[in-house]
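Student: What follows is work_11.txt; its format and atoms are compact mmCIF, C-alpha atoms and all ligand atoms.
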```txt
# COMPACT_ATOMS: atom_id res chain seq x y z
CA MET A 1 113.49 65.79 75.17
CA LYS A 2 115.62 65.01 78.20
CA GLY A 3 118.45 67.08 76.69
CA ALA A 4 116.12 70.06 76.11
CA LEU A 5 114.97 69.90 79.74
CA GLN A 6 118.54 69.77 80.98
CA GLY A 7 119.39 72.77 78.75
CA ALA A 8 116.50 74.77 80.19
CA GLN A 9 117.55 73.78 83.69
CA SER A 10 121.15 74.87 83.18
CA LYS A 11 119.98 78.19 81.65
CA LYS A 12 117.81 78.72 84.72
CA ASP A 13 120.75 77.89 87.00
CA VAL A 14 122.99 80.39 85.19
CA LEU A 15 120.33 83.11 85.39
CA ALA A 16 119.77 82.34 89.09
CA ALA A 17 123.52 82.68 89.72
CA GLN A 18 123.63 86.05 87.90
CA LEU A 19 120.62 87.40 89.79
CA ALA A 20 121.98 86.12 93.11
CA ALA A 21 125.29 87.91 92.41
CA GLU A 22 123.37 91.15 91.78
CA LEU A 23 121.54 90.82 95.11
CA SER A 24 124.79 90.15 96.97
CA THR A 25 126.06 93.72 96.41
CA MET A 26 122.92 95.58 97.52
CA ILE A 27 122.69 97.60 100.74
CA ASP A 28 119.28 99.30 100.64
CA VAL A 29 116.66 97.18 102.43
CA GLU A 30 113.65 98.35 100.39
CA LEU A 31 115.36 97.95 97.01
CA LEU A 32 116.79 94.58 98.03
CA LEU A 33 113.36 93.25 99.03
CA ASP A 34 111.82 94.52 95.83
CA LYS A 35 114.55 93.01 93.62
CA THR A 36 114.42 89.69 95.50
CA VAL A 37 110.71 89.30 94.79
CA SER A 38 111.20 90.40 91.15
CA PHE A 39 114.05 87.92 90.58
CA ALA A 40 112.24 85.02 92.28
CA ARG A 41 109.19 85.72 90.11
CA LEU A 42 111.31 85.98 86.98
CA LEU A 43 112.83 82.55 87.59
CA SER A 44 109.49 80.84 88.20
CA PHE A 45 107.21 82.92 85.90
CA ALA A 46 105.17 83.71 89.02
CA GLU A 47 102.37 86.24 88.77
CA ALA A 48 102.89 87.48 92.33
CA GLY A 49 105.36 87.45 95.19
CA THR A 50 105.71 88.68 98.74
CA ILE A 51 108.29 89.08 101.47
CA TYR A 52 107.30 89.00 105.12
CA LEU A 53 109.80 90.27 107.65
CA LEU A 54 109.87 89.06 111.24
CA GLU A 55 109.08 92.03 113.48
CA GLU A 56 108.10 91.81 117.14
CA GLY A 57 107.21 88.12 116.81
CA LYS A 58 104.91 88.62 113.79
CA LEU A 59 105.38 88.19 110.07
CA ARG A 60 104.78 91.64 108.59
CA PHE A 61 104.08 92.19 104.89
CA ALA A 62 107.22 94.09 103.87
CA THR A 63 106.84 94.07 100.11
CA SER A 64 104.42 92.59 97.66
CA GLN A 65 104.08 92.44 93.89
CA ASN A 66 101.08 91.18 91.96
CA ASP A 67 100.80 91.77 88.20
CA TYR A 68 97.11 90.85 88.13
CA LEU A 69 96.13 93.21 90.97
CA ALA A 70 98.44 95.96 89.71
CA ARG A 71 96.24 96.08 86.61
CA SER A 72 93.13 96.68 88.73
CA VAL A 73 94.42 98.82 91.62
CA GLY A 74 97.11 100.65 89.62
CA GLU A 75 100.90 100.36 89.80
CA GLU A 76 101.26 103.21 92.28
CA ASP A 77 98.58 102.06 94.72
CA GLU A 78 99.28 99.92 97.72
CA LEU A 79 97.87 96.39 97.50
CA PRO A 80 94.77 96.00 99.72
CA PHE A 81 96.23 93.41 102.12
CA MET A 82 99.43 95.24 103.06
CA GLY A 83 98.14 95.96 106.58
CA TYR A 84 97.90 92.25 107.58
CA ASN A 85 100.44 90.57 109.84
CA LEU A 86 100.67 86.80 110.29
CA ASN A 87 101.34 84.91 113.52
CA LEU A 88 104.60 83.01 113.72
CA ASP A 89 102.96 79.60 114.01
CA GLN A 90 102.25 76.58 111.80
CA THR A 91 98.69 77.52 110.86
CA THR A 92 99.49 79.51 107.70
CA LEU A 93 101.79 78.57 104.80
CA ALA A 94 104.26 81.40 105.50
CA GLY A 95 104.04 80.73 109.24
CA TYR A 96 104.76 77.02 108.72
CA ALA A 97 107.82 77.69 106.52
CA ALA A 98 109.05 80.23 109.09
CA SER A 99 108.46 78.21 112.24
CA GLN A 100 109.74 74.92 110.74
CA MET A 101 112.56 76.67 108.81
CA GLU A 102 111.80 74.68 105.67
CA ILE A 103 110.59 75.29 102.13
CA LEU A 104 106.90 74.60 101.71
CA THR A 105 105.43 74.29 98.20
CA VAL A 106 101.66 73.88 97.87
CA ASN A 107 100.35 73.72 94.31
CA ASP A 108 96.65 73.61 95.18
CA THR A 109 96.04 75.81 98.20
CA TYR A 110 92.26 75.39 98.00
CA ASN A 111 92.48 71.61 98.51
CA ILE A 112 94.91 71.20 101.39
CA ASP A 113 94.32 68.04 103.45
CA SER A 114 92.28 68.98 106.51
CA ASN A 115 94.80 67.07 108.68
CA ALA A 116 97.70 69.29 107.56
CA PRO A 117 98.94 71.65 110.30
CA TYR A 118 98.62 74.59 107.93
CA GLN A 119 95.87 76.04 105.75
CA HIS A 120 95.85 78.77 103.15
CA PHE A 121 95.19 82.19 104.76
CA LYS A 122 92.22 82.93 102.51
CA ILE A 123 91.40 86.33 104.02
CA ILE A 124 94.14 87.84 101.87
CA ASP A 125 92.53 86.39 98.73
CA THR A 126 89.07 87.51 99.82
CA THR A 127 90.28 91.03 100.57
CA SER A 128 91.98 91.38 97.22
CA ASN A 129 89.61 89.26 95.08
CA TYR A 130 92.56 87.16 93.89
CA PHE A 131 93.09 83.38 94.04
CA SER A 132 96.55 82.36 95.23
CA ARG A 133 96.34 78.75 94.02
CA ALA A 134 100.02 77.77 94.08
CA ILE A 135 102.36 79.17 96.73
CA MET A 136 106.01 78.45 97.46
CA SER A 137 107.23 79.72 100.85
CA ILE A 138 110.97 79.93 101.61
CA PRO A 139 112.37 81.02 104.99
CA LEU A 140 114.99 83.80 104.97
CA THR A 141 117.58 83.18 107.67
CA THR A 142 120.74 84.85 108.91
CA PHE A 143 124.15 83.21 108.48
CA ALA A 144 123.78 81.98 112.07
CA GLY A 145 120.43 80.40 111.20
CA GLU A 146 118.06 82.92 112.81
CA LEU A 147 114.79 83.69 111.08
CA MET A 148 114.49 87.07 109.32
CA GLY A 149 111.40 86.51 107.22
CA VAL A 150 109.75 84.51 104.46
CA LEU A 151 109.84 84.84 100.68
CA GLN A 152 106.75 83.67 98.83
CA VAL A 153 106.17 83.26 95.10
CA ILE A 154 102.61 82.80 93.96
CA ASN A 155 100.87 81.38 90.86
CA PRO A 156 103.44 80.34 88.23
CA LEU A 157 101.97 81.07 84.79
CA ASP A 158 102.29 78.84 81.73
CA ALA A 159 102.81 80.10 78.18
CA LYS A 160 99.05 80.75 77.84
CA GLY A 161 98.91 82.76 81.07
CA ASN A 162 97.17 80.02 83.08
CA VAL A 163 98.22 79.19 86.63
CA GLY A 164 100.37 76.04 86.68
CA GLU A 165 102.48 74.32 89.31
CA PHE A 166 105.89 75.02 90.79
CA SER A 167 108.52 72.46 89.75
CA SER A 168 111.51 71.11 91.66
CA SER A 169 113.77 73.23 89.40
CA ASP A 170 111.81 76.35 90.48
CA GLU A 171 112.41 75.33 94.09
CA LYS A 172 116.13 74.93 93.51
CA ALA A 173 116.53 78.27 91.69
CA ILE A 174 114.45 80.25 94.17
CA PHE A 175 116.21 78.70 97.13
CA PHE A 176 119.46 79.97 95.60
CA ILE A 177 118.00 83.49 95.28
CA ALA A 178 116.63 83.34 98.82
CA GLN A 179 120.05 82.41 100.23
CA SER A 180 121.78 85.32 98.51
CA ALA A 181 118.96 87.71 99.45
CA ALA A 182 119.13 86.61 103.09
CA MET A 183 122.89 87.25 103.32
CA SER A 184 122.49 90.74 101.83
CA LEU A 185 119.43 91.45 103.95
CA GLU A 186 121.34 90.65 107.15
CA LYS A 187 124.04 93.19 106.17
CA ALA A 188 121.52 95.76 104.94
CA LEU A 189 119.44 95.59 108.13
CA LEU A 190 122.58 96.00 110.24
CA LEU A 191 123.72 98.99 108.19
CA ARG A 192 120.27 100.58 108.39
CA SER A 193 120.25 100.08 112.17
CA SER A 194 123.62 101.84 112.43
CA VAL A 195 122.40 104.78 110.38
CA THR A 196 119.16 104.96 112.38
CA LEU A 197 121.18 104.96 115.59
CA THR A 198 123.29 107.85 114.27
CA VAL A 199 120.13 109.77 113.42
CA GLN A 200 118.77 109.16 116.92
CA LEU A 201 122.00 110.58 118.38
CA LEU A 202 121.60 113.56 116.07
CA ALA A 203 118.10 114.15 117.43
CA ALA A 204 119.66 114.67 120.86
CA VAL A 205 121.31 117.83 119.43
CA ASP A 206 118.64 118.96 116.97
CA PRO A 207 115.14 117.81 118.01
CA MET A 208 113.94 118.35 114.43
CA GLU A 209 116.23 115.58 113.12
CA THR A 210 113.82 112.77 113.88
CA THR A 211 113.91 109.34 112.26
CA GLY A 212 110.53 110.21 110.68
CA HIS A 213 112.02 113.33 109.06
CA VAL A 214 115.11 111.60 107.69
CA GLN A 215 113.13 108.62 106.38
CA ARG A 216 110.58 110.86 104.64
CA VAL A 217 113.33 112.97 103.08
CA ALA A 218 115.33 109.86 102.08
CA TYR A 219 112.47 108.07 100.36
CA MET A 220 111.06 111.23 98.76
CA SER A 221 114.55 111.94 97.36
CA ALA A 222 114.78 108.37 96.00
CA GLU A 223 111.39 108.75 94.33
CA ILE A 224 112.22 112.14 92.79
CA TYR A 225 115.56 110.73 91.59
CA SER A 226 113.82 107.75 89.92
CA HIS A 227 111.51 110.09 88.06
CA TRP A 228 114.30 112.50 87.09
CA ALA A 229 116.56 109.62 85.96
CA ALA A 230 113.82 108.11 83.78
CA LYS A 231 113.08 111.54 82.26
CA ASN A 232 116.79 112.10 81.57
CA LYS A 233 117.33 108.55 80.23
CA VAL A 234 119.91 107.55 82.83
CA PRO A 235 120.84 103.87 82.12
CA ASN A 236 119.00 101.35 84.32
CA SER A 237 122.21 99.97 85.82
CA GLU A 238 123.30 103.47 86.97
CA ARG A 239 119.82 104.19 88.34
CA ASP A 240 119.87 101.00 90.41
CA GLU A 241 123.36 101.77 91.75
CA ILE A 242 122.25 105.24 92.88
CA LYS A 243 118.92 104.05 94.28
CA ASP A 244 120.79 101.48 96.36
CA VAL A 245 122.85 104.12 98.21
CA LEU A 246 120.74 107.28 98.00
CA PRO A 247 118.33 106.65 100.92
CA LEU A 248 121.07 105.84 103.47
CA ALA A 249 123.33 108.64 102.20
CA THR A 250 120.42 111.07 102.48
CA MET A 251 119.72 109.98 106.06
CA LEU A 252 123.27 111.06 106.99
CA HIS A 253 123.31 114.45 105.26
CA ASP A 254 123.03 116.47 108.50
CA VAL A 255 125.40 114.32 110.57
CA GLY A 256 127.68 117.36 111.06
CA LYS A 257 125.06 118.86 113.39
CA CYS A 258 126.52 116.62 116.13
CA TRP A 259 129.34 119.22 116.38
CA ILE A 260 127.00 122.22 116.78
CA PRO A 261 125.86 123.36 120.28
CA LYS A 262 122.31 122.23 121.03
CA GLU A 263 121.24 125.79 122.05
CA ILE A 264 121.56 126.89 118.42
CA PHE A 265 118.92 124.41 117.32
CA THR A 266 116.58 124.91 120.27
CA LYS A 267 116.69 128.71 120.33
CA PRO A 268 113.22 130.12 119.80
CA GLY A 269 113.08 132.76 117.08
CA ARG A 270 115.74 133.80 114.58
CA LEU A 271 119.48 133.17 114.89
CA ASP A 272 121.84 136.18 114.90
CA VAL A 273 124.69 136.45 112.37
CA ASN A 274 127.24 134.63 114.56
CA GLU A 275 124.83 131.87 115.51
CA ARG A 276 123.90 131.39 111.86
CA ALA A 277 127.58 131.01 110.91
CA ILE A 278 128.03 128.37 113.63
CA MET A 279 124.93 126.52 112.43
CA GLU A 280 126.09 126.61 108.81
CA GLY A 281 129.32 124.98 110.00
CA HIS A 282 127.48 121.65 110.19
CA VAL A 283 128.11 121.16 106.46
CA LEU A 284 131.91 121.26 106.61
CA ALA A 285 131.96 119.39 109.94
CA GLY A 286 129.95 116.59 108.32
CA ALA A 287 132.05 116.54 105.13
CA LYS A 288 135.21 116.20 107.24
CA LEU A 289 133.90 112.88 108.57
CA PHE A 290 133.91 111.58 105.01
CA SER A 291 137.25 113.03 103.91
CA LYS A 292 138.48 109.51 103.10
CA ALA A 293 135.31 108.40 101.38
CA ASN A 294 135.98 105.06 99.68
CA SER A 295 132.70 103.29 99.06
CA PRO A 296 129.85 104.50 96.79
CA LEU A 297 127.77 105.11 99.95
CA GLU A 298 130.47 107.28 101.57
CA ARG A 299 131.16 109.22 98.36
CA LEU A 300 127.49 110.02 97.81
CA THR A 301 127.03 110.94 101.48
CA LYS A 302 129.86 113.47 101.22
CA THR A 303 128.38 114.93 98.03
CA LEU A 304 124.98 115.32 99.69
CA ILE A 305 126.48 116.90 102.79
CA MET A 306 128.36 119.48 100.71
CA ASP A 307 125.49 120.26 98.33
CA HIS A 308 122.25 120.20 100.31
CA HIS A 309 122.32 123.89 101.33
CA GLU A 310 123.46 125.16 97.95
CA ARG A 311 120.93 127.09 95.88
CA TRP A 312 120.28 127.00 92.14
CA ASP A 313 120.86 130.81 91.99
CA GLY A 314 124.24 130.53 93.76
CA ARG A 315 123.16 132.14 97.04
CA GLY A 316 123.56 129.01 99.15
CA TYR A 317 126.43 127.64 101.21
CA PRO A 318 129.16 126.45 101.83
CA GLY A 319 130.22 127.19 98.25
CA ASN A 320 133.22 125.89 96.41
CA ILE A 321 136.53 124.58 97.68
CA LEU A 322 137.89 128.03 98.63
CA LYS A 323 135.40 128.22 101.44
CA GLU A 324 136.05 124.60 102.39
CA LYS A 325 139.66 125.65 103.03
CA GLY A 326 138.47 128.55 105.17
CA GLU A 327 139.28 131.27 102.64
CA GLN A 328 137.05 134.29 102.32
CA GLY A 329 135.07 135.42 99.31
CA ALA A 330 133.95 132.05 98.01
CA LYS A 331 130.63 132.01 96.21
CA GLY A 332 128.01 129.30 96.53
CA LYS A 333 127.84 126.71 93.81
CA LYS A 334 125.37 127.58 91.11
CA GLY A 335 123.04 125.64 88.75
CA GLU A 336 124.49 122.36 87.55
CA GLU A 337 127.70 122.89 89.57
CA ILE A 338 125.54 121.43 92.33
CA SER A 339 125.13 117.65 91.97
CA ILE A 340 121.70 116.44 90.92
CA TYR A 341 121.50 114.53 94.22
CA GLY A 342 122.04 117.75 96.18
CA ARG A 343 119.46 119.60 94.06
CA ILE A 344 116.91 116.84 94.75
CA LEU A 345 117.67 116.66 98.48
CA ALA A 346 117.32 120.45 98.81
CA ILE A 347 113.70 120.22 97.62
CA ALA A 348 112.77 117.14 99.68
CA ASP A 349 114.34 118.61 102.84
CA VAL A 350 112.62 121.98 102.53
CA TYR A 351 109.28 120.41 101.60
CA ASP A 352 109.33 118.18 104.68
CA ALA A 353 110.29 121.15 106.88
CA LEU A 354 107.36 123.15 105.47
CA CYS A 355 104.84 120.34 106.01
CA ASN A 356 105.89 119.63 109.61
CA ARG A 357 106.03 121.49 112.93
CA LYS A 358 109.30 123.29 113.73
CA THR A 359 110.39 125.27 116.78
CA TYR A 360 109.75 128.45 114.79
CA LYS A 361 106.53 127.53 112.92
CA GLU A 362 103.36 125.43 112.76
CA PRO A 363 103.03 122.89 109.90
CA PHE A 364 101.74 124.16 106.54
CA ASP A 365 99.39 121.95 104.56
CA GLU A 366 100.76 120.10 101.56
CA SER A 367 99.17 122.32 98.91
CA LEU A 368 100.52 125.55 100.49
CA SER A 369 103.94 123.91 100.90
CA THR A 370 103.91 122.85 97.24
CA GLN A 371 102.99 126.40 96.20
CA MET A 372 105.85 127.81 98.28
CA LEU A 373 108.30 125.40 96.62
CA ASP A 374 107.05 126.37 93.19
CA GLN A 375 107.72 130.04 93.96
CA GLU A 376 111.38 129.15 94.50
CA ARG A 377 111.69 127.61 91.02
CA GLY A 378 114.86 129.00 89.46
CA TYR A 379 115.89 130.73 92.72
CA HIS A 380 116.43 128.16 95.45
CA PHE A 381 115.57 125.12 93.32
CA ASP A 382 116.42 123.59 89.96
CA PRO A 383 113.30 124.16 87.76
CA ASP A 384 113.65 120.71 86.21
CA VAL A 385 113.64 119.04 89.65
CA VAL A 386 110.64 121.16 90.70
CA ASP A 387 108.81 119.78 87.63
CA CYS A 388 109.71 116.21 88.66
CA PHE A 389 108.51 116.95 92.19
CA MET A 390 105.17 118.32 90.93
CA SER A 391 104.51 115.39 88.62
CA ILE A 392 104.83 112.76 91.40
CA GLN A 393 103.22 114.79 94.18
CA PRO A 394 100.58 112.09 95.04
CA THR A 395 103.34 109.48 95.51
CA LEU A 396 105.34 111.89 97.69
CA SER A 397 102.24 112.55 99.75
CA LYS A 398 101.95 108.79 100.46
CA ILE A 399 105.60 108.69 101.58
CA MET A 400 104.90 111.61 103.95
CA LYS A 401 102.11 109.58 105.58
CA ARG A 402 104.13 106.34 105.70
CA TYR A 403 106.73 107.79 108.11
CA PRO A 404 104.80 109.91 110.63
CA GLU A 405 106.34 111.61 113.65
CA PRO A 406 105.91 109.56 116.84
CA GLU A 407 103.05 110.84 119.05
FE FE B 501 121.66 120.74 106.77
```
What does this structure look like when you write it as structure tokens?
Tutor:
Amino acid sequence: MKGALQGAQSKKDVLAAQLAAELSTMIDVELLLDKTVSFARLLSFAEAGTIYLLEEGKLRFATSQNDYLARSVGEEDELPFMGYNLNLDQTTLAGYAASQMEILTVNDTYNIDSNAPYQHFKIIDTTSNYFSRAIMSIPLTTFAGELMGVLQVINPLDAKGNVGEFSSSDEKAIFFIAQSAAMSLEKALLLRSSVTLTVQLLAAVDPMETTGHVQRVAYMSAEIYSHWAAKNKVPNSERDEIKDVLPLATMLHDVGKCWIPKEIFTKPGRLDVNERAIMEGHVLAGAKLFSKANSPLERLTKTLIMDHHERWDGRGYPGNILKEKGEQGAKGKKGEEISIYGRILAIADVYDALCNRKTYKEPFDESLSTQMLDQERGYHFDPDVVDCFMSIQPTLSKIMKRYPEPE
């Protein structure tokens, strides 16, 4: 019996090491948080899991998974408690783990000693009609030991699907995952801050390049890609690799605008032929920045820069390599000569422009914008990508609302 337990433990340790290695390469914050919760749940057979991130002195729900609630509210719907933030103090389980910087495992949250500094934050259970009976809370800290957030796994299930208790081996495995996740999260947050800063600088040239716009376009593109990749049976490992770099690469697709005079972007009304040519120069100016692209993120960013103004019917720009070298007579890329990532970004970028205010137009509502996109099927846009866009329109609509323009 002892041997069997040791065997199970070593299998769990090996799996934890493999999952931790996978987390260590990730750079997208959202995907990293989601995978961290998934892996921690996998190792402990937990029905639910959450990550809180420390923001402005509060613990904000950053991601949450709950198999039981997903069955009642639907996979695509947001869980009902996502709007809650917790105080950074000892009164809640997550708050205690965060403020004391220690793992806290409570296997019967409804019978905590009244003298304990913490109690279970039952409002979340009441709101969602779910009983979080066993909760393990693990602080996520930077290499220097500063708090970034808290990982929680909730309700480990036994073979019959009943809620059991977390074991010391669960604690060990999940601590391992949390350490790897924290190291990657520190890098990913830093990288995201750098990209956000670049976008803010870009907004100084083109007021339409707001962080709201680039985030909406980035996460809509990621969602359309997921759907397209599933439909086209792209292997899971390739999908995850692309999803890890696509949002940040998308956020940088217009970085070449930094080299274009501001007056071009702020001019009311239409641009003349010369002004249009200058404006279109932002594509090659941006691509030049990534001429020595080495990493997957840099390579995809360059691809997106070069392809996002191409059109399915070949009437886009900047066209093939002839034009990149400054030679005349180059034609735009056509159909599948344009990368799938560029074809997806073209739709997300135009859709967001249609739905929002621009210097030259008032916002159109989502249904009119969708209709306008559909009319460009086979002309501006890849028909297959338009179909993907249409089939996940409700999800895209939620992304649009998640990243509003600042008042
Ligand atoms: Fe552009």
Student: Using all atoms listed in the file, determine which residues fall within 9 Å of ligand FE 501 (chain B), then list them as a PyMOL selection string.
Tutor: chain A and resi 253-257+279-280+282-283+305+308-309+349
Student: Output C-alpha atoms for every residue in the selection just made, as a compact mmCIF listing (two decimals), in the coordinates of the input.
Tutor:
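Done, and the output landed in result-v1.txt:
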```
# COMPACT_ATOMS: atom_id res chain seq x y z
CA HIS A 253 123.31 114.45 105.26
CA ASP A 254 123.03 116.47 108.50
CA VAL A 255 125.40 114.32 110.57
CA GLY A 256 127.68 117.36 111.06
CA LYS A 257 125.06 118.86 113.39
CA MET A 279 124.93 126.52 112.43
CA GLU A 280 126.09 126.61 108.81
CA HIS A 282 127.48 121.65 110.19
CA VAL A 283 128.11 121.16 106.46
CA ILE A 305 126.48 116.90 102.79
CA HIS A 308 122.25 120.20 100.31
CA HIS A 309 122.32 123.89 101.33
CA ASP A 349 114.34 118.61 102.84
```
Student: Which residues of range 93-124 of chain A come within 10 Å of range 36-54 of chain A, and for each one, what is the closest pair of atoms and their distance in Å to one decimal, counting all atoms listed in the file, sorted by chain and residue number, as a tab-separated table?
Tutor:
```
residue	atom	partner	partner_atom	distance
A:Ala94	CA	A:Tyr52	CA	8.2
A:Gly95	CA	A:Tyr52	CA	9.8
A:Ala98	CA	A:Leu54	CA	9.1
```
Student: Which residues are near Lys333 in chain A? Cut-off 9 Å, all atoms listed in the file, ignore same chain within fewer than 4 positions. Put them as JSON, numbers by chain.
Tutor: {"A": [307, 310, 311, 312, 313, 314, 315, 316, 317, 318, 319, 320, 337, 338]}
Student: Go ahead and write the selection's residues with C-alpha atoms as a short mmCIF file (atom, residue, chain, number, x, y, z; two decimals), keeping the file's coordinate frame.
Tutor:
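Writing done, so here's part-v4.cif:
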```cif
data_model
loop_
_atom_site.label_atom_id
_atom_site.label_comp_id
_atom_site.auth_asym_id
_atom_site.auth_seq_id
_atom_site.Cartn_x
_atom_site.Cartn_y
_atom_site.Cartn_z
CA ASP A 307 125.49 120.26 98.33
CA GLU A 310 123.46 125.16 97.95
CA ARG A 311 120.93 127.09 95.88
CA TRP A 312 120.28 127.00 92.14
CA ASP A 313 120.86 130.81 91.99
CA GLY A 314 124.24 130.53 93.76
CA ARG A 315 123.16 132.14 97.04
CA GLY A 316 123.56 129.01 99.15
CA TYR A 317 126.43 127.64 101.21
CA PRO A 318 129.16 126.45 101.83
CA GLY A 319 130.22 127.19 98.25
CA ASN A 320 133.22 125.89 96.41
CA GLU A 337 127.70 122.89 89.57
CA ILE A 338 125.54 121.43 92.33
#
```
Student: Counting only C-alpha atoms, figure out which residue out of A:Ala178, A:Leu252, A:Ile224, A:Ile112 gets nearest to Leu201 in chain A.
Tutor: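 Among the listed residues, A:Leu252 lies closest to Leu201 in chain A.
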Student: Please list as a PyMOL selection string every residue within 6 Å of range 102-111 of chain A, counting all atoms listed in the file and excluding residues in the same chain fewer than 2 positions away.
Tutor: chain A and resi 97+100+120+133-138+165
Student: Report the distance between CA of Tyr84 in chain A and CA of Phe61 in chain A in Å, rounded to one decimal place.
Tutor: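 These two atoms are separated by 6.7 Å.
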Student: Enter the distance from CA of Tyr118 in chain A to CA of Leu93 in chain A, in Å, rounded to one decimal.
Tutor: 6.0 Å
Student: Find the distance between CA of Leu289 in chain A and CA of Thr196 in chain A and write it in Å to one decimal.
Tutor: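 Distance between the two atoms: 17.2 Å.
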Student: Check the smallest atom-to-atom distance from each of A:Gly342, A:Gly378, A:Pro247, A:Gly332 to Leu31 in chain A using all atoms listed in the file, then report the winner.
Tutor: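 Result for the nearest residue to Leu31 in chain A: A:Pro247.
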Student: Return as JSON the centre and edge lengths, in Å with one decimal, of the box along x, y and z that encloses every atom of range 331-340 of chain A in the file, padded by 3 Å per side.
Tutor:
```
{"center_x": 126.2, "center_y": 124.2, "center_z": 92.0, "size_x": 14.9, "size_y": 21.6, "size_z": 15.0}
```
Student: Just want the 12 Å neighbourhood of Lys231 in chain A, counted on all atoms listed in the file, with same-chain residues fewer than 3 positions away dropped. Output as a short mmCIF file (atom, residue, chain, number, x, y, z; two decimals) with C-alpha atoms, in the frame of the given file.
Tutor:
```
data_model
loop_
_atom_site.label_atom_id
_atom_site.label_comp_id
_atom_site.auth_asym_id
_atom_site.auth_seq_id
_atom_site.Cartn_x
_atom_site.Cartn_y
_atom_site.Cartn_z
CA ILE A 224 112.22 112.14 92.79
CA TYR A 225 115.56 110.73 91.59
CA SER A 226 113.82 107.75 89.92
CA HIS A 227 111.51 110.09 88.06
CA TRP A 228 114.30 112.50 87.09
CA VAL A 234 119.91 107.55 82.83
CA PRO A 235 120.84 103.87 82.12
CA ASN A 236 119.00 101.35 84.32
CA ARG A 239 119.82 104.19 88.34
CA ASP A 384 113.65 120.71 86.21
CA VAL A 385 113.64 119.04 89.65
CA ASP A 387 108.81 119.78 87.63
CA CYS A 388 109.71 116.21 88.66
CA SER A 391 104.51 115.39 88.62
#
```
Student: Residues within 10 Å of Ala222 in chain A, please, as a VMD selection string. Count only C-alpha atoms; anything in the same chain fewer than 4 positions from it doesn't count.
Tutor: chain A and resid 216 to 218 226 to 228 242 to 247 250 341 344 to 345 348
Student: I need the residue nearest Thr395 in chain A from this list: A:Ile123, A:Leu284, A:Leu147, A:Met220. Use all atoms listed in the file for the distance.
Tutor: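 Smallest separation from Thr395 in chain A among the options: A:Met220.
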Student: For Val163 in chain A, which residue out of A:Pro363, A:Tyr68, A:Ile399, A:Thr126 is the nearest one, using only C-alpha atoms?
Tutor: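 Of A:Pro363, A:Tyr68, A:Ile399, A:Thr126, the one nearest Val163 in chain A is A:Tyr68, counting only C-alpha atoms.
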Student: Using all atoms listed in the file, which residues sit within 9 Å of Leu354 in chain A once same-chain residues fewer than 6 positions away are excluded, as number ranges by chain?
Tutor: A: 361-366, 368-370, 372
Student: Return the single residue from A:Ala62, A:Val195, A:Ala203, A:Ile124 that is closest to Gly149 in chain A, with distances computed using only C-alpha atoms.
Tutor: A:Ala62
Student: Between A:Ala188, A:Lys267, A:Gly161, A:Gly286, which one has atoms that come closest to Leu202 in chain A, using all atoms listed in the file?
Tutor: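 Selected residue with least distance to Leu202 in chain A: A:Gly286.
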Student: Would you be able to write out as a list in words which residues have an atom within 12 Å of (121.8, 76.8, 86.2) in the file's coordinates, counting only C-alpha atoms?
Tutor: Leu5, Gln6, Gly7, Ala8, Gln9, Ser10, Lys11, Lys12, Asp13, Val14, Leu15, Ala16, Ala17, Gln18, Leu19, Ala20, Leu43, Ser169, Asp170, Lys172, Ala173, Ile174, Phe176 and Ile177 of chain A
